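Trainee: Mind having a look at this structure? Questions to follow.
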Amino acid sequence: MADTALVTGAAGGIGQALCQEFCQSGYYVIGLDLPGTKTPDSCDAVVFADLAMLCRDQDYQSKVLAQVRSHLNSNPLKVLINNAAIQVVKPVEQITPTYWHATLDVNLVAPFLLTQAFLGDLTITQGSIVNIASIHATLTKPEFVCYATSKAALVGLTRSLAVELGDRVRINAITPAAVATPMLLAGFEGKNKAFEELGQMHPIGRIATPQEVAQAALFLASDQASFITGAVLSLDGGIGSRLHDPV
Ligand SMILES: NC(=O)c1ccc[n+]([C@@H]2O[C@H](COP(=O)([O-])OP(=O)(O)OC[C@H]3O[C@@H](n4cnc5c(N)ncnc54)[C@H](O)[C@@H]3O)[C@@H](O)[C@H]2O)c1
């Protein structure tokens with residue numbers, strides 16, 4: 001039986017690339033995304049569920065986990081990819097507790113609860129977890145307070161779980177800078193100059209592709225990364241090393 005992987009946010013730009021990459025590498029991939037989202041093309045099985053509700057409702061959580069288990073077919077999970085996220089973009093004055101709860105539930109608490117739920121499986125399979133964080137964990141911009149804080153916390157979660165879980169489960173994070181997802185590209189439609197400028201801000205001269213994020217996740221999940229745990233892989237085309245002097 002193939003190794004199994006659960007990918008959250010599977011219908012999104014990076015999620016689809018993750019599903020495709022893991023499928024192509026021989027994993028049996030279960031994709032999870034919100035009810036009403038398009039079924040990701042390259043998943044072997046799909047679970048439609050709201051991760052925010054999973055954090056708040058114990059019965060709902062049990063039902064969702066049972067659904068995932070039904071697709072696992074008694075095979076313990078080998079890889080968990082916490083990729084789903086929401087991004088609230090609001091000035092400080094407009095941020096209410098509702099935005100905080102929504103952001104922290106999906107971006108932080110759900111990754112923890114899924115880790116907890118599949119800890120037994122991942123221990124049996126000597127599996128691993130990859131958390132898709134963001135460059136916003138360390139470098140951010142105005143109006144990203146909720147998102148940036150949640151991603152910094154996800155990095156903290158990655159490190160602290162790695163310490164506690166030791167040799168049971170490896171757990172790592174990736175912090176991508178801008179990634180050319182369909183949504184990002186749509187936002188730059190008709191703004192070629194701005195898109196080019198964004199690329200040029202990265203020393204490598206362009207932004208990342210979703211496939212590059214997926215390939216990094218595949219490596220971190222693989223046995224080739226067997227001594228890597230608690231790591232935060234910066235996938236940023238060098239932008240995080242750049243000093244923003246006017247020359
Ligand atoms: N695109 C970028 O430039 C970029 C850069 C750095 C990090 N990231 C991170 O990569 C990951 C994927 O981002 P993306 O660009 O593909 O975004 P996206 O919006 O295309 O995908 C996110 C997916 O998560 C799902 N999701 C949101 N809330 C959910 C919920 N409550 N329950 C279940 N699923 C839910 C959405 O339906 C969506 O399919 C995110 O963690 C994001 O923070 C993206």
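Chain identifiers are assigned as A, B, and so on, following the order in which chains appear in the structure tokens; residues are numbered from 1 within each chain, and ligands are numbered from 1 in order of appearance.
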Can you list every residue of chain A that has an atom at most 6 Å from ligand 1, with its nearest atom pair and the distance in Å to one decimal, using only C-alpha atoms and all ligand atoms, ordered by chain then number, as CSV?
Mentor:
residue,atom,partner,partner_atom_place_in_ligand_line,distance
A:Gly9,CA,ligand 1,24 (O),3.4
A:Ala10,CA,ligand 1,39 (O),5.8
A:Ala11,CA,ligand 1,39 (O),4.2
A:Gly12,CA,ligand 1,20 (O),3.4
A:Gly13,CA,ligand 1,16 (O),3.7
A:Ile14,CA,ligand 1,16 (O),3.7
A:Gly15,CA,ligand 1,16 (O),5.4
A:Asp33,CA,ligand 1,34 (N),4.0
A:Leu34,CA,ligand 1,33 (C),4.3
A:Ala49,CA,ligand 1,33 (C),5.7
A:Asp50,CA,ligand 1,32 (N),3.7
A:Leu51,CA,ligand 1,32 (N),3.8
A:Ala52,CA,ligand 1,31 (N),4.5
A:Asn83,CA,ligand 1,41 (O),4.4
A:Ala84,CA,ligand 1,24 (O),3.5
A:Ala85,CA,ligand 1,41 (O),4.4
A:Ile86,CA,ligand 1,27 (C),5.2
A:Val106,CA,ligand 1,31 (N),5.5
A:Ile132,CA,ligand 1,41 (O),5.0
A:Ala133,CA,ligand 1,41 (O),5.6
A:Ser134,CA,ligand 1,7 (C),4.0
A:Pro176,CA,ligand 1,6 (C),4.3
A:Ala177,CA,ligand 1,5 (C),5.0
A:Ala178,CA,ligand 1,3 (O),3.7
A:Val179,CA,ligand 1,3 (O),3.7
A:Thr181,CA,ligand 1,1 (N),5.5
Trainee: Mind checking which residues fall within 10 Å of Thr103 (chain A), counting only C-alpha atoms, ignoring those fewer than 2 positions away in the same chain, and posting them as a PDB file with all heavy atoms, in the first residue's frame?
Mentor:
ATOM      1  N   ALA A  52     -12.423  25.726  10.502  1.00  0.00           N
ATOM      2  CA  ALA A  52     -12.781  26.644  11.589  1.00  0.00           C
ATOM      3  C   ALA A  52     -13.819  25.965  12.486  1.00  0.00           C
ATOM      4  O   ALA A  52     -13.723  26.004  13.715  1.00  0.00           O
ATOM      5  CB  ALA A  52     -13.329  27.946  11.017  1.00  0.00           C
ATOM      6  N   ALA A  85      -5.293  28.175   4.829  1.00  0.00           N
ATOM      7  CA  ALA A  85      -5.135  29.405   5.619  1.00  0.00           C
ATOM      8  C   ALA A  85      -6.124  30.439   5.131  1.00  0.00           C
ATOM      9  O   ALA A  85      -6.596  30.374   3.993  1.00  0.00           O
ATOM     10  CB  ALA A  85      -3.713  29.948   5.485  1.00  0.00           C
ATOM     11  N   ILE A  86      -6.419  31.388   6.008  1.00  0.00           N
ATOM     12  CA  ILE A  86      -7.160  32.570   5.552  1.00  0.00           C
ATOM     13  C   ILE A  86      -6.301  33.800   5.817  1.00  0.00           C
ATOM     14  O   ILE A  86      -5.451  33.800   6.711  1.00  0.00           O
ATOM     15  CB  ILE A  86      -8.555  32.707   6.201  1.00  0.00           C
ATOM     16  CG1 ILE A  86      -8.453  32.790   7.729  1.00  0.00           C
ATOM     17  CG2 ILE A  86      -9.466  31.586   5.784  1.00  0.00           C
ATOM     18  CD1 ILE A  86      -9.759  33.240   8.351  1.00  0.00           C
ATOM     19  N   GLN A  87      -6.544  34.815   5.017  1.00  0.00           N
ATOM     20  CA  GLN A  87      -5.746  36.041   5.115  1.00  0.00           C
ATOM     21  C   GLN A  87      -6.684  37.238   5.281  1.00  0.00           C
ATOM     22  O   GLN A  87      -7.364  37.617   4.331  1.00  0.00           O
ATOM     23  CB  GLN A  87      -4.921  36.189   3.827  1.00  0.00           C
ATOM     24  CG  GLN A  87      -3.883  37.266   3.885  1.00  0.00           C
ATOM     25  CD  GLN A  87      -3.053  37.294   2.604  1.00  0.00           C
ATOM     26  OE1 GLN A  87      -3.518  37.758   1.568  1.00  0.00           O
ATOM     27  NE2 GLN A  87      -1.849  36.794   2.664  1.00  0.00           N
ATOM     28  N   VAL A  88      -6.707  37.766   6.484  1.00  0.00           N
ATOM     29  CA  VAL A  88      -7.491  38.977   6.745  1.00  0.00           C
ATOM     30  C   VAL A  88      -6.584  40.175   6.466  1.00  0.00           C
ATOM     31  O   VAL A  88      -5.490  40.252   7.011  1.00  0.00           O
ATOM     32  CB  VAL A  88      -7.965  39.005   8.219  1.00  0.00           C
ATOM     33  CG1 VAL A  88      -8.551  40.357   8.582  1.00  0.00           C
ATOM     34  CG2 VAL A  88      -8.976  37.891   8.471  1.00  0.00           C
ATOM     35  N   PRO A  97     -12.469  40.923  17.363  1.00  0.00           N
ATOM     36  CA  PRO A  97     -12.141  39.573  17.845  1.00  0.00           C
ATOM     37  C   PRO A  97     -12.577  38.486  16.858  1.00  0.00           C
ATOM     38  O   PRO A  97     -11.934  37.433  16.759  1.00  0.00           O
ATOM     39  CB  PRO A  97     -12.907  39.474  19.162  1.00  0.00           C
ATOM     40  CG  PRO A  97     -12.984  40.884  19.654  1.00  0.00           C
ATOM     41  CD  PRO A  97     -13.155  41.716  18.415  1.00  0.00           C
ATOM     42  N   THR A  98     -13.644  38.736  16.093  1.00  0.00           N
ATOM     43  CA  THR A  98     -14.109  37.731  15.125  1.00  0.00           C
ATOM     44  C   THR A  98     -13.003  37.418  14.099  1.00  0.00           C
ATOM     45  O   THR A  98     -12.785  36.257  13.745  1.00  0.00           O
ATOM     46  CB  THR A  98     -15.369  38.257  14.388  1.00  0.00           C
ATOM     47  OG1 THR A  98     -16.311  38.633  15.377  1.00  0.00           O
ATOM     48  CG2 THR A  98     -15.964  37.206  13.475  1.00  0.00           C
ATOM     49  N   TYR A  99     -12.325  38.464  13.627  1.00  0.00           N
ATOM     50  CA  TYR A  99     -11.234  38.241  12.659  1.00  0.00           C
ATOM     51  C   TYR A  99     -10.096  37.439  13.298  1.00  0.00           C
ATOM     52  O   TYR A  99      -9.501  36.574  12.675  1.00  0.00           O
ATOM     53  CB  TYR A  99     -10.699  39.573  12.132  1.00  0.00           C
ATOM     54  CG  TYR A  99     -11.649  40.271  11.181  1.00  0.00           C
ATOM     55  CD1 TYR A  99     -12.062  41.574  11.433  1.00  0.00           C
ATOM     56  CD2 TYR A  99     -12.130  39.632  10.044  1.00  0.00           C
ATOM     57  CE1 TYR A  99     -12.937  42.227  10.569  1.00  0.00           C
ATOM     58  CE2 TYR A  99     -13.005  40.276   9.182  1.00  0.00           C
ATOM     59  CZ  TYR A  99     -13.405  41.572   9.444  1.00  0.00           C
ATOM     60  OH  TYR A  99     -14.261  42.207   8.592  1.00  0.00           O
ATOM     61  N   TRP A 100      -9.808  37.784  14.566  1.00  0.00           N
ATOM     62  CA  TRP A 100      -8.743  37.043  15.261  1.00  0.00           C
ATOM     63  C   TRP A 100      -9.095  35.562  15.393  1.00  0.00           C
ATOM     64  O   TRP A 100      -8.271  34.697  15.097  1.00  0.00           O
ATOM     65  CB  TRP A 100      -8.513  37.629  16.666  1.00  0.00           C
ATOM     66  CG  TRP A 100      -7.568  38.781  16.679  1.00  0.00           C
ATOM     67  CD1 TRP A 100      -7.861  40.065  17.026  1.00  0.00           C
ATOM     68  CD2 TRP A 100      -6.180  38.761  16.316  1.00  0.00           C
ATOM     69  NE1 TRP A 100      -6.734  40.840  16.908  1.00  0.00           N
ATOM     70  CE2 TRP A 100      -5.690  40.078  16.476  1.00  0.00           C
ATOM     71  CE3 TRP A 100      -5.313  37.768  15.874  1.00  0.00           C
ATOM     72  CZ2 TRP A 100      -4.366  40.419  16.216  1.00  0.00           C
ATOM     73  CZ3 TRP A 100      -3.989  38.114  15.605  1.00  0.00           C
ATOM     74  CH2 TRP A 100      -3.528  39.418  15.770  1.00  0.00           C
ATOM     75  N   HIS A 101     -10.336  35.292  15.850  1.00  0.00           N
ATOM     76  CA  HIS A 101     -10.713  33.890  16.070  1.00  0.00           C
ATOM     77  C   HIS A 101     -10.694  33.123  14.750  1.00  0.00           C
ATOM     78  O   HIS A 101     -10.195  31.998  14.685  1.00  0.00           O
ATOM     79  CB  HIS A 101     -12.093  33.806  16.734  1.00  0.00           C
ATOM     80  CG  HIS A 101     -12.096  34.348  18.136  1.00  0.00           C
ATOM     81  ND1 HIS A 101     -11.182  33.942  19.085  1.00  0.00           N
ATOM     82  CD2 HIS A 101     -12.866  35.271  18.744  1.00  0.00           C
ATOM     83  CE1 HIS A 101     -11.399  34.593  20.216  1.00  0.00           C
ATOM     84  NE2 HIS A 101     -12.411  35.414  20.038  1.00  0.00           N
ATOM     85  N   ASP A 105      -8.031  30.170  14.322  1.00  0.00           N
ATOM     86  CA  ASP A 105      -8.598  28.819  14.220  1.00  0.00           C
ATOM     87  C   ASP A 105      -8.065  28.093  12.986  1.00  0.00           C
ATOM     88  O   ASP A 105      -7.557  26.980  13.078  1.00  0.00           O
ATOM     89  CB  ASP A 105     -10.139  28.867  14.182  1.00  0.00           C
ATOM     90  CG  ASP A 105     -10.726  28.967  15.587  1.00  0.00           C
ATOM     91  OD1 ASP A 105      -9.963  28.831  16.563  1.00  0.00           O
ATOM     92  OD2 ASP A 105     -11.949  29.184  15.699  1.00  0.00           O
ATOM     93  N   VAL A 106      -8.187  28.737  11.828  1.00  0.00           N
ATOM     94  CA  VAL A 106      -7.795  28.034  10.583  1.00  0.00           C
ATOM     95  C   VAL A 106      -6.279  27.916  10.468  1.00  0.00           C
ATOM     96  O   VAL A 106      -5.756  26.863  10.092  1.00  0.00           O
ATOM     97  CB  VAL A 106      -8.369  28.767   9.337  1.00  0.00           C
ATOM     98  CG1 VAL A 106      -7.926  28.070   8.056  1.00  0.00           C
ATOM     99  CG2 VAL A 106      -9.894  28.818   9.415  1.00  0.00           C
ATOM    100  N   ASN A 107      -5.566  28.997  10.805  1.00  0.00           N
ATOM    101  CA  ASN A 107      -4.123  29.034  10.522  1.00  0.00           C
ATOM    102  C   ASN A 107      -3.260  28.411  11.610  1.00  0.00           C
ATOM    103  O   ASN A 107      -2.093  28.098  11.369  1.00  0.00           O
ATOM    104  CB  ASN A 107      -3.664  30.494  10.318  1.00  0.00           C
ATOM    105  CG  ASN A 107      -4.357  31.171   9.134  1.00  0.00           C
ATOM    106  OD1 ASN A 107      -5.294  30.622   8.568  1.00  0.00           O
ATOM    107  ND2 ASN A 107      -3.912  32.356   8.776  1.00  0.00           N
ATOM    108  N   LEU A 108      -3.815  28.251  12.813  1.00  0.00           N
ATOM    109  CA  LEU A 108      -2.989  27.770  13.927  1.00  0.00           C
ATOM    110  C   LEU A 108      -3.611  26.610  14.707  1.00  0.00           C
ATOM    111  O   LEU A 108      -2.982  25.575  14.878  1.00  0.00           O
ATOM    112  CB  LEU A 108      -2.716  28.942  14.893  1.00  0.00           C
ATOM    113  CG  LEU A 108      -1.901  28.601  16.135  1.00  0.00           C
ATOM    114  CD1 LEU A 108      -0.462  28.267  15.770  1.00  0.00           C
ATOM    115  CD2 LEU A 108      -1.947  29.739  17.144  1.00  0.00           C
ATOM    116  N   VAL A 109      -4.869  26.809  15.151  1.00  0.00           N
ATOM    117  CA  VAL A 109      -5.466  25.782  16.018  1.00  0.00           C
ATOM    118  C   VAL A 109      -5.761  24.507  15.216  1.00  0.00           C
ATOM    119  O   VAL A 109      -5.501  23.394  15.684  1.00  0.00           O
ATOM    120  CB  VAL A 109      -6.738  26.322  16.729  1.00  0.00           C
ATOM    121  CG1 VAL A 109      -7.338  25.263  17.629  1.00  0.00           C
ATOM    122  CG2 VAL A 109      -6.401  27.568  17.543  1.00  0.00           C
ATOM    123  N   CYS A 146      -3.311  40.229  11.627  1.00  0.00           N
ATOM    124  CA  CYS A 146      -3.847  38.900  11.997  1.00  0.00           C
ATOM    125  C   CYS A 146      -3.062  37.789  11.293  1.00  0.00           C
ATOM    126  O   CYS A 146      -2.639  36.812  11.922  1.00  0.00           O
ATOM    127  CB  CYS A 146      -5.322  38.781  11.607  1.00  0.00           C
ATOM    128  SG  CYS A 146      -6.417  39.815  12.558  1.00  0.00           S
ATOM    129  N   TYR A 147      -2.880  37.947   9.986  1.00  0.00           N
ATOM    130  CA  TYR A 147      -2.207  36.902   9.190  1.00  0.00           C
ATOM    131  C   TYR A 147      -0.761  36.714   9.655  1.00  0.00           C
ATOM    132  O   TYR A 147      -0.319  35.595   9.914  1.00  0.00           O
ATOM    133  CB  TYR A 147      -2.254  37.319   7.717  1.00  0.00           C
ATOM    134  CG  TYR A 147      -1.651  36.326   6.745  1.00  0.00           C
ATOM    135  CD1 TYR A 147      -2.286  35.129   6.455  1.00  0.00           C
ATOM    136  CD2 TYR A 147      -0.445  36.610   6.094  1.00  0.00           C
ATOM    137  CE1 TYR A 147      -1.743  34.229   5.541  1.00  0.00           C
ATOM    138  CE2 TYR A 147       0.098  35.722   5.181  1.00  0.00           C
ATOM    139  CZ  TYR A 147      -0.550  34.532   4.902  1.00  0.00           C
ATOM    140  OH  TYR A 147      -0.012  33.640   4.002  1.00  0.00           O
ATOM    141  N   THR A 149       0.687  37.504  12.454  1.00  0.00           N
ATOM    142  CA  THR A 149       0.771  36.948  13.811  1.00  0.00           C
ATOM    143  C   THR A 149       0.482  35.449  13.787  1.00  0.00           C
ATOM    144  O   THR A 149       1.168  34.659  14.448  1.00  0.00           O
ATOM    145  CB  THR A 149      -0.233  37.665  14.746  1.00  0.00           C
ATOM    146  OG1 THR A 149       0.029  39.067  14.686  1.00  0.00           O
ATOM    147  CG2 THR A 149      -0.106  37.186  16.164  1.00  0.00           C
ATOM    148  N   SER A 150      -0.515  35.045  12.991  1.00  0.00           N
ATOM    149  CA  SER A 150      -0.864  33.615  12.939  1.00  0.00           C
ATOM    150  C   SER A 150       0.272  32.788  12.340  1.00  0.00           C
ATOM    151  O   SER A 150       0.534  31.669  12.756  1.00  0.00           O
ATOM    152  CB  SER A 150      -2.160  33.403  12.145  1.00  0.00           C
ATOM    153  OG  SER A 150      -1.939  33.560  10.751  1.00  0.00           O
ATOM    154  N   LYS A 151       0.958  33.354  11.341  1.00  0.00           N
ATOM    155  CA  LYS A 151       2.047  32.602  10.696  1.00  0.00           C
ATOM    156  C   LYS A 151       3.280  32.532  11.599  1.00  0.00           C
ATOM    157  O   LYS A 151       3.985  31.520  11.619  1.00  0.00           O
ATOM    158  CB  LYS A 151       2.393  33.228   9.337  1.00  0.00           C
ATOM    159  CG  LYS A 151       1.283  33.057   8.301  1.00  0.00           C
ATOM    160  CD  LYS A 151       1.001  31.595   8.001  1.00  0.00           C
ATOM    161  CE  LYS A 151       0.003  31.418   6.878  1.00  0.00           C
ATOM    162  NZ  LYS A 151      -0.240  30.003   6.515  1.00  0.00           N
TER     163      LYS A 151
END
Trainee: Which neighbours of Asn75 (chain A) fall inside 12 Å, counting only C-alpha atoms, when residues of the same chain fewer than 4 positions from it are skipped, and could you give them as a PDB file with N, CA and C atoms, in the first residue's frame?
Mentor:
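Written output follows (around15.pdb):
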ATOM      1  N   MET A   1       0.844  -1.210   0.000  1.00  0.00           N
ATOM      2  CA  MET A   1       0.000   0.000   0.000  1.00  0.00           C
ATOM      3  C   MET A   1       0.875   1.254   0.000  1.00  0.00           C
ATOM      4  N   ALA A   2       0.457   2.251  -0.765  1.00  0.00           N
ATOM      5  CA  ALA A   2       1.228   3.503  -0.862  1.00  0.00           C
ATOM      6  C   ALA A   2       1.183   4.260   0.458  1.00  0.00           C
ATOM      7  N   ASP A   3       2.211   5.078   0.687  1.00  0.00           N
ATOM      8  CA  ASP A   3       2.180   6.000   1.824  1.00  0.00           C
ATOM      9  C   ASP A   3       1.033   6.989   1.616  1.00  0.00           C
ATOM     10  N   THR A   4       0.459   7.447   2.736  1.00  0.00           N
ATOM     11  CA  THR A   4      -0.694   8.335   2.633  1.00  0.00           C
ATOM     12  C   THR A   4      -0.335   9.756   3.067  1.00  0.00           C
ATOM     13  N   ALA A   5      -0.970  10.721   2.414  1.00  0.00           N
ATOM     14  CA  ALA A   5      -0.743  12.127   2.783  1.00  0.00           C
ATOM     15  C   ALA A   5      -2.082  12.836   2.864  1.00  0.00           C
ATOM     16  N   TYR A  28      -0.716   8.189  -1.730  1.00  0.00           N
ATOM     17  CA  TYR A  28      -2.173   8.212  -1.815  1.00  0.00           C
ATOM     18  C   TYR A  28      -2.597   9.498  -1.115  1.00  0.00           C
ATOM     19  N   VAL A  68     -11.950  11.271   7.109  1.00  0.00           N
ATOM     20  CA  VAL A  68     -10.546  11.108   6.671  1.00  0.00           C
ATOM     21  C   VAL A  68     -10.131   9.651   6.885  1.00  0.00           C
ATOM     22  N   ARG A  69     -10.473   9.114   8.059  1.00  0.00           N
ATOM     23  CA  ARG A  69     -10.104   7.728   8.391  1.00  0.00           C
ATOM     24  C   ARG A  69     -10.708   6.737   7.389  1.00  0.00           C
ATOM     25  N   SER A  70     -11.935   7.028   6.943  1.00  0.00           N
ATOM     26  CA  SER A  70     -12.579   6.089   6.012  1.00  0.00           C
ATOM     27  C   SER A  70     -11.765   6.003   4.718  1.00  0.00           C
ATOM     28  N   HIS A  71     -11.134   7.102   4.320  1.00  0.00           N
ATOM     29  CA  HIS A  71     -10.309   7.077   3.107  1.00  0.00           C
ATOM     30  C   HIS A  71      -8.947   6.438   3.362  1.00  0.00           C
ATOM     31  N   VAL A  79       1.967  11.433   6.140  1.00  0.00           N
ATOM     32  CA  VAL A  79       2.331  12.856   5.993  1.00  0.00           C
ATOM     33  C   VAL A  79       1.095  13.742   6.194  1.00  0.00           C
ATOM     34  N   PHE A 118      -3.761  12.889  14.531  1.00  0.00           N
ATOM     35  CA  PHE A 118      -3.025  11.880  13.754  1.00  0.00           C
ATOM     36  C   PHE A 118      -1.658  11.535  14.363  1.00  0.00           C
ATOM     37  N   GLY A 120      -0.875   9.431  16.693  1.00  0.00           N
ATOM     38  CA  GLY A 120      -0.672   7.978  16.788  1.00  0.00           C
ATOM     39  C   GLY A 120      -0.247   7.398  15.453  1.00  0.00           C
ATOM     40  N   ASP A 121      -0.957   7.796  14.392  1.00  0.00           N
ATOM     41  CA  ASP A 121      -0.630   7.311  13.036  1.00  0.00           C
ATOM     42  C   ASP A 121       0.799   7.688  12.662  1.00  0.00           C
ATOM     43  N   LEU A 122       1.098   8.983  12.857  1.00  0.00           N
ATOM     44  CA  LEU A 122       2.397   9.502  12.405  1.00  0.00           C
ATOM     45  C   LEU A 122       3.542   8.877  13.204  1.00  0.00           C
ATOM     46  N   ILE A 124       3.462   5.743  14.363  1.00  0.00           N
ATOM     47  CA  ILE A 124       3.598   4.378  13.808  1.00  0.00           C
ATOM     48  C   ILE A 124       4.378   4.418  12.500  1.00  0.00           C
ATOM     49  N   THR A 125       4.040   5.387  11.639  1.00  0.00           N
ATOM     50  CA  THR A 125       4.661   5.418  10.300  1.00  0.00           C
ATOM     51  C   THR A 125       6.001   6.142  10.294  1.00  0.00           C
TER      52      THR A 125
END
Trainee: Would you compute the distance between CA of Ser42 (chain A) and CA of Val7 (chain A)? Give it in Å to one decimal.
Mentor: 11.3 Å
Trainee: Which polymer residues have any atom within 12 Å of an atom of Leu157 (chain A), counting only C-alpha atoms, with same-chain residues fewer than 3 positions away left out, as a PyMOL selection string?
Mentor: chain A and resi 82+107-113+115+129-133+137+150-154+160-165+171-173+230-232
Trainee: What parts of region 16-135 of chain A does DSSP call alpha helix (DSSP H)? I'd like the answer as a ChimeraX atom specification.
Mentor: /A:16-24,51-56,58-72,97-104,110-117,119-125
Trainee: Mind giving me the straight-line distance from CA of Leu54 (chain A) to CA of Pro76 (chain A) in Å, one decimal?
Mentor: 20.7 Å
Trainee: With only C-alpha atoms as the basis for distance, which of A:Pro40, A:Leu72, A:Val145, A:Gln126 is at the shortest distance from Glu93 (chain A)?
Mentor: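 The closest residue to Glu93 (chain A) is A:Val145.
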